[in-house]
Amino acid sequence: MTTSSYPVVSVLRTRHTGYLLLTSLLGRLPGAMAALAIVQLVRSTSGDFTFAGLITATFVVAGAVGQPLLSRLVDRLGQVAVLAVSGILSFLSFTGMALTVEPAPWVAVGLAAAAGVSTPPLEPALRALWPRLVTPGPQLKAAYSLDAGAQEIIFIVGPLLTVAGIAVFGPVGNLLFAGGLGLVGALAFVLNPAPRAASTDRRRDTTARSSVRSPIRIPAVARVAALTFGIGFPVGTLTIVATATETARADAGLAGWILAVNAVGALIGATAVGIRPLGSTPERLLTLCGVLLAVGYLPLALTGLPTTAYLVAAGVSGLMLPPTLGQVFERIGQLSPPDALTEANGWVVSAMTLGIGGGTLVSGAIVGAEGTSAVAWIVLGSSTLTALLALVALPRRSALAR
């Protein structure tokens with residue numbers, strides 16, 4: 001492996017890593033495109049926002065259920081077969097949903113569930129490969145931070161691609177476009193030698209695989225998953241907070257700027273820890289990073305700040321997201337049995353998804369009932385939840401004494 005004074009550069013120069021990261025991001029784009037794509041499709045047909053919310057929520061919840069299930073299959077059968085088959089099934093489900101949403105809306109709901117459940121677990125699959133591709137220590141830390149930061153690119157590019165896809169292909173064609181990107185990314189990912197080698201190793205070690213229990217039954221893994229839910233919760237509230245702030249200030253477009261600046265802050269945080277990884281161990285840093293993430297959101301409760309200052313606060317709130325997720329990924333790698341690492345990462349992905357969905361749902365209901373004046377309380381509540389769940393992830397004294 002090559003060396004570099006900057007671990008993140010060393011990671012990118014390591015064989016296979018750049019290709020796998022790029023194809024994984026391509027295959028994960030439907031997750032960032034689907035919500036807006038589905039809403040716009042329903043809006044162009046029935047125009048029923050209640051139904052749009054239902055079918056979108058169905059897709060998101062089904063995805064949260066499917067990730068650990070498919071990840072467990074990856075640990076048993078290998079990456080190639082599971083990722084390829086799930087990619088094809090997901091694309092077919094996207095296609096069916098796009099074609100049935102107007103003539104048979106309840107069939108489309110079922111297909112939305114199928115598309116979510118069959119979403120290829122590329123995110124946990126890549127994280128299970130990092131320890132095979134890069135050396136432990138600063139390089140592995142940088143790889144996890146790079147992975148966390150790359151997710152921000154997905155959520156920036158995804159909505160833009162949706163807008164472009166609707167303009168070029170129309171609402172129906174755009175959903176096919178999103179599903180097609182996911183299929184191409186999944187198939188391109190498994191063409192790489194690294195997933196094939198991992199799959200071969202899985203097929204050889206059938207005895208070990210049959211005896212491994214689900215990692216979510218390990219208390220320490222469950223605590224990290226609970227923290228990950230707490231990490232996702234304020235991320236989910238931010239969409240509602242930004243929209244409510246825009247409404248309260250009567251400043252058209254402000255919500256988009258708040259979300260964009262938050263993503264820029266996250267990219268800065270990812271870059272910083274990629275260049276200079278945090279020095280201590282994840283069991284020592286995880287709770288600290290979680291608390292700092294919670295604290296970083298608190299300035300958004302100061303709704304009376306000037307707009308420029310509020311945008312700065314939005315950037316600050318994003319800084320700690322990639323470093324905290326990096327600690328989560330590394331800690332899961334330490335806690336999970338190697339033969340269940342993909343499933344363990346699948347539970348983390350699911351917990352993050354549910355946290356984001358829960359944050360959006362709860363904060364949306366509060367603003368709907370109390371109005372935009374509730375923003376400060378939403379921020380304070382979500383930050384408190386994140387901090388409390390960060391404390392849940394504290395290791396026992398025996399772990400710190402090692």
# chains A, B, ... in the order shown; residues from 1 in each chain; ligands from 1

$ residues_around --residues "range 84-94 of chain A" --least-positions-apart "4" --cutoff "8 Å" --atoms "only C-alpha atoms" --output "number ranges by chain"
A: 80, 98, 111-112, 114-116, 118-120, 175-176, 179-180, 182-183, 186-187, 190

$ write_last_selection --atoms "all heavy atoms" --output "short mmCIF file (atom, residue, chain, number, x, y, z; two decimals), in the first residue's frame"
data_model
loop_
_atom_site.label_atom_id
_atom_site.label_comp_id
_atom_site.auth_asym_id
_atom_site.auth_seq_id
_atom_site.Cartn_x
_atom_site.Cartn_y
_atom_site.Cartn_z
N VAL A 80 -21.44 -10.37 -4.00
CA VAL A 80 -21.75 -10.33 -5.43
C VAL A 80 -23.20 -10.74 -5.70
O VAL A 80 -23.97 -10.00 -6.33
CB VAL A 80 -20.78 -11.22 -6.22
CG1 VAL A 80 -21.22 -11.32 -7.68
CG2 VAL A 80 -19.36 -10.67 -6.14
N ALA A 98 -43.40 3.45 -10.88
CA ALA A 98 -43.57 4.59 -11.78
C ALA A 98 -44.75 4.39 -12.72
O ALA A 98 -45.48 5.33 -13.03
CB ALA A 98 -42.28 4.81 -12.58
N LEU A 111 -45.29 -1.73 -4.41
CA LEU A 111 -44.03 -1.72 -5.15
C LEU A 111 -43.02 -0.76 -4.51
O LEU A 111 -41.81 -0.99 -4.57
CB LEU A 111 -44.28 -1.34 -6.60
CG LEU A 111 -45.00 -2.42 -7.42
CD1 LEU A 111 -45.50 -1.86 -8.75
CD2 LEU A 111 -44.06 -3.61 -7.67
N ALA A 112 -43.51 0.31 -3.89
CA ALA A 112 -42.61 1.19 -3.14
C ALA A 112 -41.98 0.44 -1.97
O ALA A 112 -40.78 0.59 -1.69
CB ALA A 112 -43.38 2.41 -2.63
N ALA A 114 -41.51 -2.80 -1.93
CA ALA A 114 -40.56 -3.74 -2.54
C ALA A 114 -39.26 -3.05 -2.94
O ALA A 114 -38.16 -3.58 -2.75
CB ALA A 114 -41.20 -4.40 -3.76
N ALA A 115 -39.38 -1.82 -3.46
CA ALA A 115 -38.18 -1.07 -3.86
C ALA A 115 -37.33 -0.74 -2.64
O ALA A 115 -36.10 -0.79 -2.69
CB ALA A 115 -38.59 0.22 -4.59
N GLY A 116 -37.99 -0.39 -1.52
CA GLY A 116 -37.24 -0.08 -0.32
C GLY A 116 -36.57 -1.30 0.28
O GLY A 116 -35.37 -1.28 0.60
N SER A 118 -35.68 -4.06 -1.13
CA SER A 118 -34.65 -4.63 -2.01
C SER A 118 -33.53 -3.65 -2.35
O SER A 118 -32.68 -3.97 -3.18
CB SER A 118 -35.30 -5.14 -3.30
OG SER A 118 -35.94 -4.08 -4.00
N THR A 119 -33.50 -2.49 -1.71
CA THR A 119 -32.41 -1.55 -1.97
C THR A 119 -31.07 -2.21 -1.66
O THR A 119 -30.85 -2.70 -0.53
CB THR A 119 -32.56 -0.29 -1.10
OG1 THR A 119 -33.77 0.38 -1.45
CG2 THR A 119 -31.39 0.66 -1.30
N PRO A 120 -30.14 -2.28 -2.61
CA PRO A 120 -28.87 -2.98 -2.37
C PRO A 120 -28.12 -2.36 -1.17
O PRO A 120 -28.00 -1.15 -1.09
CB PRO A 120 -28.10 -2.75 -3.67
CG PRO A 120 -29.14 -2.49 -4.70
CD PRO A 120 -30.24 -1.76 -3.99
N LEU A 175 -38.22 8.66 -12.28
CA LEU A 175 -38.16 7.57 -11.31
C LEU A 175 -37.44 6.36 -11.91
O LEU A 175 -36.68 5.67 -11.22
CB LEU A 175 -39.57 7.18 -10.87
CG LEU A 175 -39.69 6.44 -9.53
CD1 LEU A 175 -39.06 7.25 -8.40
CD2 LEU A 175 -41.15 6.15 -9.21
N LEU A 176 -37.64 6.11 -13.19
CA LEU A 176 -36.88 5.06 -13.88
C LEU A 176 -35.40 5.41 -13.91
O LEU A 176 -34.53 4.53 -13.77
CB LEU A 176 -37.42 4.87 -15.30
CG LEU A 176 -38.88 4.48 -15.44
CD1 LEU A 176 -39.25 4.37 -16.92
CD2 LEU A 176 -39.16 3.17 -14.73
N GLY A 179 -33.94 4.66 -10.46
CA GLY A 179 -33.75 3.23 -10.29
C GLY A 179 -32.62 2.69 -11.15
O GLY A 179 -31.86 1.81 -10.72
N GLY A 180 -32.48 3.23 -12.36
CA GLY A 180 -31.40 2.81 -13.25
C GLY A 180 -30.02 3.14 -12.71
O GLY A 180 -29.08 2.35 -12.82
N GLY A 182 -29.23 3.33 -9.58
CA GLY A 182 -28.96 2.37 -8.52
C GLY A 182 -28.51 1.02 -9.06
O GLY A 182 -27.58 0.41 -8.53
N LEU A 183 -29.15 0.56 -10.13
CA LEU A 183 -28.79 -0.73 -10.73
C LEU A 183 -27.37 -0.67 -11.31
O LEU A 183 -26.56 -1.58 -11.07
CB LEU A 183 -29.79 -1.09 -11.82
CG LEU A 183 -29.48 -2.38 -12.60
CD1 LEU A 183 -29.42 -3.58 -11.69
CD2 LEU A 183 -30.53 -2.58 -13.70
N ALA A 186 -24.80 -0.67 -8.45
CA ALA A 186 -24.66 -1.97 -7.78
C ALA A 186 -23.90 -2.97 -8.63
O ALA A 186 -22.99 -3.67 -8.15
CB ALA A 186 -26.05 -2.51 -7.43
N LEU A 187 -24.24 -3.03 -9.93
CA LEU A 187 -23.55 -3.98 -10.81
C LEU A 187 -22.09 -3.59 -11.02
O LEU A 187 -21.21 -4.46 -11.04
CB LEU A 187 -24.27 -4.06 -12.16
CG LEU A 187 -25.70 -4.64 -12.11
CD1 LEU A 187 -26.30 -4.66 -13.52
CD2 LEU A 187 -25.70 -6.04 -11.51
N VAL A 190 -19.99 -4.68 -7.87
CA VAL A 190 -19.64 -6.09 -7.71
C VAL A 190 -18.71 -6.59 -8.82
O VAL A 190 -18.18 -7.71 -8.72
CB VAL A 190 -20.90 -6.97 -7.65
CG1 VAL A 190 -21.75 -6.59 -6.47
CG2 VAL A 190 -21.71 -6.90 -8.95
#

$ residues_around --residues "Arg213 in chain A" --least-positions-apart "6" --cutoff "10 Å" --atoms "only C-alpha atoms" --output "VMD selection string"
chain A and resid 337 339 to 340

$ residues_around --residues "Gly170 in chain A" --least-positions-apart "5" --cutoff "12 Å" --atoms "only C-alpha atoms" --output "VMD selection string"
chain A and resid 37 to 38 40 to 41 44 to 45 98 162 to 165 175 to 177

$ write_last_selection --atoms "C-alpha atoms" --output "tab-separated table (two decimals), in the first residue's frame"
chain	number	residue	atom	x	y	z
A	37	ALA	CA	-38.97	11.97	-7.19
A	38	ILE	CA	-41.97	10.13	-5.72
A	40	GLN	CA	-43.19	15.03	-7.78
A	41	LEU	CA	-44.59	11.99	-9.60
A	44	SER	CA	-48.08	15.33	-11.49
A	45	THR	CA	-50.82	12.68	-11.42
A	98	ALA	CA	-43.57	4.59	-11.78
A	162	THR	CA	-34.01	14.71	-9.55
A	163	VAL	CA	-34.74	18.22	-10.81
A	164	ALA	CA	-32.67	17.57	-13.93
A	165	GLY	CA	-34.25	14.14	-14.45
A	175	LEU	CA	-38.16	7.57	-11.31
A	176	LEU	CA	-36.88	5.06	-13.88
A	177	PHE	CA	-33.73	7.17	-14.13

$ atom_distance --atom1 "CA of Gly364 in chain A" --atom2 "CA of Ile231 in chain A"
17.9 Å

$ closest_residue --among "A:Gly63, A:Ile258, A:Thr237, A:Gly149" --to "Val362 in chain A" --atoms "only C-alpha atoms"
A:Thr237

$ residues_around --residues "Arg223 in chain A" --least-positions-apart "2" --cutoff "9 Å" --atoms "only C-alpha atoms" --output "short mmCIF file (atom, residue, chain, number, x, y, z; two decimals) with all heavy atoms, in the first residue's frame"
data_model
loop_
_atom_site.label_atom_id
_atom_site.label_comp_id
_atom_site.auth_asym_id
_atom_site.auth_seq_id
_atom_site.Cartn_x
_atom_site.Cartn_y
_atom_site.Cartn_z
N ILE A 218 -25.79 -8.14 20.47
CA ILE A 218 -24.65 -7.77 21.31
C ILE A 218 -24.97 -6.42 21.94
O ILE A 218 -25.21 -5.44 21.22
CB ILE A 218 -23.36 -7.68 20.47
CG1 ILE A 218 -23.06 -9.02 19.80
CG2 ILE A 218 -22.18 -7.24 21.33
CD1 ILE A 218 -21.92 -8.97 18.79
N PRO A 219 -25.02 -6.31 23.27
CA PRO A 219 -25.47 -5.06 23.91
C PRO A 219 -24.70 -3.82 23.45
O PRO A 219 -25.31 -2.77 23.23
CB PRO A 219 -25.25 -5.34 25.40
CG PRO A 219 -25.37 -6.83 25.52
CD PRO A 219 -24.77 -7.37 24.26
N ALA A 220 -23.39 -3.94 23.29
CA ALA A 220 -22.61 -2.77 22.90
C ALA A 220 -22.98 -2.31 21.48
O ALA A 220 -23.02 -1.11 21.19
CB ALA A 220 -21.12 -3.07 22.98
N VAL A 221 -23.25 -3.25 20.57
CA VAL A 221 -23.67 -2.91 19.21
C VAL A 221 -25.04 -2.23 19.26
O VAL A 221 -25.27 -1.22 18.56
CB VAL A 221 -23.71 -4.16 18.32
CG1 VAL A 221 -24.34 -3.84 16.96
CG2 VAL A 221 -22.31 -4.72 18.12
N ALA A 225 -26.07 1.48 17.91
CA ALA A 225 -27.19 1.69 17.00
C ALA A 225 -28.17 2.72 17.57
O ALA A 225 -28.70 3.56 16.84
CB ALA A 225 -27.92 0.37 16.73
N ALA A 226 -28.38 2.67 18.90
CA ALA A 226 -29.25 3.67 19.53
C ALA A 226 -28.68 5.07 19.37
O ALA A 226 -29.41 6.03 19.08
CB ALA A 226 -29.44 3.33 21.00
N LEU A 227 -27.37 5.21 19.55
CA LEU A 227 -26.73 6.51 19.34
C LEU A 227 -26.90 6.96 17.89
O LEU A 227 -27.16 8.14 17.63
CB LEU A 227 -25.24 6.44 19.69
CG LEU A 227 -24.38 7.63 19.24
CD1 LEU A 227 -24.91 8.95 19.82
CD2 LEU A 227 -22.93 7.43 19.60
N THR A 228 -26.77 6.02 16.96
CA THR A 228 -26.90 6.39 15.55
C THR A 228 -28.30 6.90 15.24
O THR A 228 -28.48 7.81 14.43
CB THR A 228 -26.55 5.18 14.65
OG1 THR A 228 -25.31 4.63 15.07
CG2 THR A 228 -26.43 5.62 13.20
N LEU A 389 -28.58 9.88 24.14
CA LEU A 389 -28.24 8.62 23.49
C LEU A 389 -26.73 8.48 23.31
O LEU A 389 -26.22 7.36 23.25
CB LEU A 389 -28.96 8.51 22.14
CG LEU A 389 -30.48 8.32 22.26
CD1 LEU A 389 -31.14 8.32 20.89
CD2 LEU A 389 -30.80 7.02 23.00
N ALA A 390 -26.02 9.60 23.25
CA ALA A 390 -24.55 9.53 23.23
C ALA A 390 -24.04 8.98 24.55
O ALA A 390 -23.07 8.21 24.59
CB ALA A 390 -23.96 10.92 22.95
N VAL A 392 -25.63 6.88 26.39
CA VAL A 392 -25.94 5.44 26.39
C VAL A 392 -24.80 4.63 25.78
O VAL A 392 -24.55 3.49 26.18
CB VAL A 392 -27.25 5.19 25.60
CG1 VAL A 392 -27.45 3.71 25.34
CG2 VAL A 392 -28.44 5.74 26.37
N ALA A 393 -24.08 5.24 24.84
CA ALA A 393 -23.00 4.54 24.14
C ALA A 393 -21.71 4.50 24.94
O ALA A 393 -20.71 3.94 24.48
CB ALA A 393 -22.74 5.20 22.79
N LEU A 394 -21.68 5.11 26.14
CA LEU A 394 -20.46 5.07 26.96
C LEU A 394 -20.04 3.63 27.21
O LEU A 394 -20.85 2.79 27.60
CB LEU A 394 -20.70 5.77 28.31
CG LEU A 394 -20.54 7.28 28.35
CD1 LEU A 394 -21.04 7.81 29.69
CD2 LEU A 394 -19.09 7.68 28.13
#

$ atom_distance --atom1 "CA of Gly274 in chain A" --atom2 "CA of Asp147 in chain A"
9.8 Å

$ closest_residue --among "A:Gly333, A:Pro323, A:Gly346, A:Pro131" --to "Leu73 in chain A" --atoms "only C-alpha atoms"
A:Gly346

$ closest_residue --among "A:Gly96, A:Pro195, A:Gly158, A:Gly173" --to "Val74 in chain A" --atoms "only C-alpha atoms"
A:Pro195

$ closest_atom_pairs --of "range 109-173 of chain A" --to "range 278-297 of chain A" --cutoff "10 Å" --atoms "only C-alpha atoms" --output "JSON lines"
{"residue": "A:Gly137", "atom": "CA", "partner": "A:Gly279", "partner_atom": "CA", "distance": 9.1}
{"residue": "A:Pro138", "atom": "CA", "partner": "A:Gly279", "partner_atom": "CA", "distance": 8.0}
{"residue": "A:Lys141", "atom": "CA", "partner": "A:Leu278", "partner_atom": "CA", "distance": 7.9}
{"residue": "A:Ala142", "atom": "CA", "partner": "A:Leu278", "partner_atom": "CA", "distance": 9.1}

$ residues_around --residues "range 366-381 of chain A" --least-positions-apart "4" --cutoff "12 Å" --atoms "only C-alpha atoms" --output "compact mmCIF listing (two decimals) with N, CA, C and O atoms, in the first residue's frame"
# COMPACT_ATOMS: atom_id res chain seq x y z
N GLY A 230 -29.98 8.56 17.39
CA GLY A 230 -29.89 9.92 17.92
C GLY A 230 -29.14 10.86 17.01
O GLY A 230 -29.44 12.06 16.96
N PHE A 233 -31.66 11.88 14.24
CA PHE A 233 -32.85 12.64 14.62
C PHE A 233 -32.72 14.14 14.32
O PHE A 233 -33.59 14.71 13.66
N PRO A 234 -31.65 14.83 14.77
CA PRO A 234 -31.56 16.25 14.43
C PRO A 234 -31.34 16.51 12.94
O PRO A 234 -31.72 17.56 12.42
N VAL A 235 -30.74 15.53 12.24
CA VAL A 235 -30.60 15.66 10.79
C VAL A 235 -31.99 15.70 10.15
O VAL A 235 -32.25 16.49 9.24
N GLY A 236 -32.90 14.86 10.66
CA GLY A 236 -34.26 14.85 10.14
C GLY A 236 -35.03 16.11 10.49
O GLY A 236 -35.81 16.62 9.68
N THR A 237 -34.81 16.63 11.69
CA THR A 237 -35.52 17.85 12.08
C THR A 237 -35.06 19.07 11.28
O THR A 237 -35.82 20.03 11.14
N LEU A 238 -33.83 19.01 10.77
CA LEU A 238 -33.27 20.20 10.12
C LEU A 238 -34.10 20.63 8.91
O LEU A 238 -34.25 21.83 8.65
N THR A 239 -34.65 19.67 8.16
CA THR A 239 -35.47 20.02 7.00
C THR A 239 -36.68 20.85 7.43
O THR A 239 -37.01 21.87 6.80
N ILE A 240 -37.33 20.44 8.52
CA ILE A 240 -38.49 21.17 9.02
C ILE A 240 -38.06 22.50 9.63
O ILE A 240 -38.71 23.54 9.42
N VAL A 241 -36.97 22.49 10.39
CA VAL A 241 -36.47 23.72 11.00
C VAL A 241 -36.14 24.76 9.92
O VAL A 241 -36.50 25.93 10.03
N ALA A 242 -35.48 24.30 8.84
CA ALA A 242 -35.11 25.22 7.76
C ALA A 242 -36.35 25.78 7.07
O ALA A 242 -36.43 26.98 6.78
N THR A 243 -37.32 24.91 6.82
CA THR A 243 -38.54 25.36 6.15
C THR A 243 -39.34 26.32 7.03
O THR A 243 -39.85 27.34 6.56
N ALA A 244 -39.44 26.00 8.32
CA ALA A 244 -40.16 26.87 9.24
C ALA A 244 -39.45 28.22 9.39
O ALA A 244 -40.11 29.27 9.48
N THR A 245 -38.13 28.20 9.40
CA THR A 245 -37.37 29.45 9.50
C THR A 245 -37.59 30.31 8.27
O THR A 245 -37.75 31.54 8.37
N GLU A 246 -37.59 29.68 7.10
CA GLU A 246 -37.86 30.41 5.86
C GLU A 246 -39.24 31.06 5.91
O GLU A 246 -39.41 32.23 5.55
N THR A 247 -40.23 30.31 6.40
CA THR A 247 -41.59 30.84 6.49
C THR A 247 -41.67 32.00 7.48
O THR A 247 -42.29 33.03 7.19
N ALA A 248 -41.04 31.83 8.63
CA ALA A 248 -41.09 32.87 9.66
C ALA A 248 -40.43 34.16 9.20
O ALA A 248 -40.88 35.26 9.55
N ARG A 249 -39.37 34.04 8.42
CA ARG A 249 -38.63 35.22 7.97
C ARG A 249 -39.15 35.74 6.63
O ARG A 249 -38.66 36.78 6.15
N ALA A 250 -40.08 35.01 6.02
CA ALA A 250 -40.60 35.39 4.70
C ALA A 250 -39.47 35.62 3.72
O ALA A 250 -39.45 36.59 2.96
N ALA A 294 -24.51 17.23 19.27
CA ALA A 294 -25.72 17.79 19.86
C ALA A 294 -25.55 19.27 20.17
O ALA A 294 -26.42 20.10 19.88
N VAL A 295 -24.41 19.63 20.74
CA VAL A 295 -24.13 21.03 21.08
C VAL A 295 -24.07 21.89 19.83
O VAL A 295 -24.50 23.04 19.81
N GLY A 296 -23.54 21.31 18.74
CA GLY A 296 -23.40 22.07 17.50
C GLY A 296 -24.72 22.52 16.91
O GLY A 296 -24.77 23.51 16.17
N TYR A 297 -25.80 21.80 17.23
CA TYR A 297 -27.12 22.19 16.72
C TYR A 297 -27.77 23.29 17.55
O TYR A 297 -28.71 23.94 17.08
N LEU A 298 -27.31 23.50 18.78
CA LEU A 298 -27.99 24.42 19.68
C LEU A 298 -28.11 25.86 19.16
O LEU A 298 -29.14 26.50 19.38
N PRO A 299 -27.09 26.41 18.46
CA PRO A 299 -27.25 27.78 17.96
C PRO A 299 -28.44 27.96 17.03
O PRO A 299 -28.95 29.09 16.89
N LEU A 300 -28.92 26.87 16.41
CA LEU A 300 -30.10 26.99 15.54
C LEU A 300 -31.36 27.30 16.33
O LEU A 300 -32.38 27.70 15.76
N ALA A 301 -31.30 27.15 17.66
CA ALA A 301 -32.45 27.52 18.50
C ALA A 301 -32.56 29.04 18.66
O ALA A 301 -33.60 29.55 19.09
N LEU A 302 -31.49 29.76 18.32
CA LEU A 302 -31.49 31.22 18.43
C LEU A 302 -32.13 31.80 17.17
O LEU A 302 -31.46 32.32 16.27
N THR A 303 -33.42 31.69 17.10
CA THR A 303 -34.14 32.06 15.88
C THR A 303 -34.11 33.55 15.58
O THR A 303 -34.46 33.96 14.47
N GLY A 304 -33.70 34.36 16.55
CA GLY A 304 -33.64 35.80 16.32
C GLY A 304 -32.33 36.27 15.71
O GLY A 304 -32.17 37.47 15.46
N LEU A 305 -31.41 35.35 15.45
CA LEU A 305 -30.13 35.74 14.84
C LEU A 305 -30.35 36.36 13.46
O LEU A 305 -31.27 35.97 12.74
N ALA A 314 -25.89 27.18 10.87
CA ALA A 314 -26.23 25.97 10.11
C ALA A 314 -24.98 25.23 9.67
O ALA A 314 -24.93 23.99 9.69
N SER A 317 -23.47 23.44 12.67
CA SER A 317 -24.23 22.25 13.06
C SER A 317 -23.85 21.02 12.24
O SER A 317 -24.09 19.88 12.67
N GLY A 359 -37.17 12.22 13.18
CA GLY A 359 -36.97 13.65 13.39
C GLY A 359 -37.85 14.49 12.49
O GLY A 359 -38.45 15.48 12.93
N THR A 360 -37.96 14.08 11.23
CA THR A 360 -38.81 14.82 10.30
C THR A 360 -40.28 14.71 10.69
O THR A 360 -41.02 15.72 10.68
N LEU A 361 -40.71 13.51 11.05
CA LEU A 361 -42.12 13.29 11.40
C LEU A 361 -42.52 14.07 12.64
O LEU A 361 -43.52 14.79 12.65
N VAL A 362 -41.72 13.96 13.70
CA VAL A 362 -42.06 14.62 14.96
C VAL A 362 -42.01 16.14 14.83
O VAL A 362 -42.93 16.85 15.26
N LEU A 385 -32.01 14.81 23.01
CA LEU A 385 -32.12 13.39 22.70
C LEU A 385 -30.79 12.82 22.21
O LEU A 385 -30.35 11.75 22.64
N THR A 386 -30.13 13.56 21.31
CA THR A 386 -28.84 13.10 20.79
C THR A 386 -27.81 12.97 21.92
O THR A 386 -27.08 11.97 21.99
N ALA A 387 -27.75 13.97 22.80
CA ALA A 387 -26.79 13.93 23.90
C ALA A 387 -27.07 12.76 24.84
O ALA A 387 -26.15 12.06 25.28
N LEU A 388 -28.33 12.51 25.15
CA LEU A 388 -28.68 11.41 26.05
C LEU A 388 -28.31 10.05 25.43
O LEU A 388 -27.78 9.17 26.12
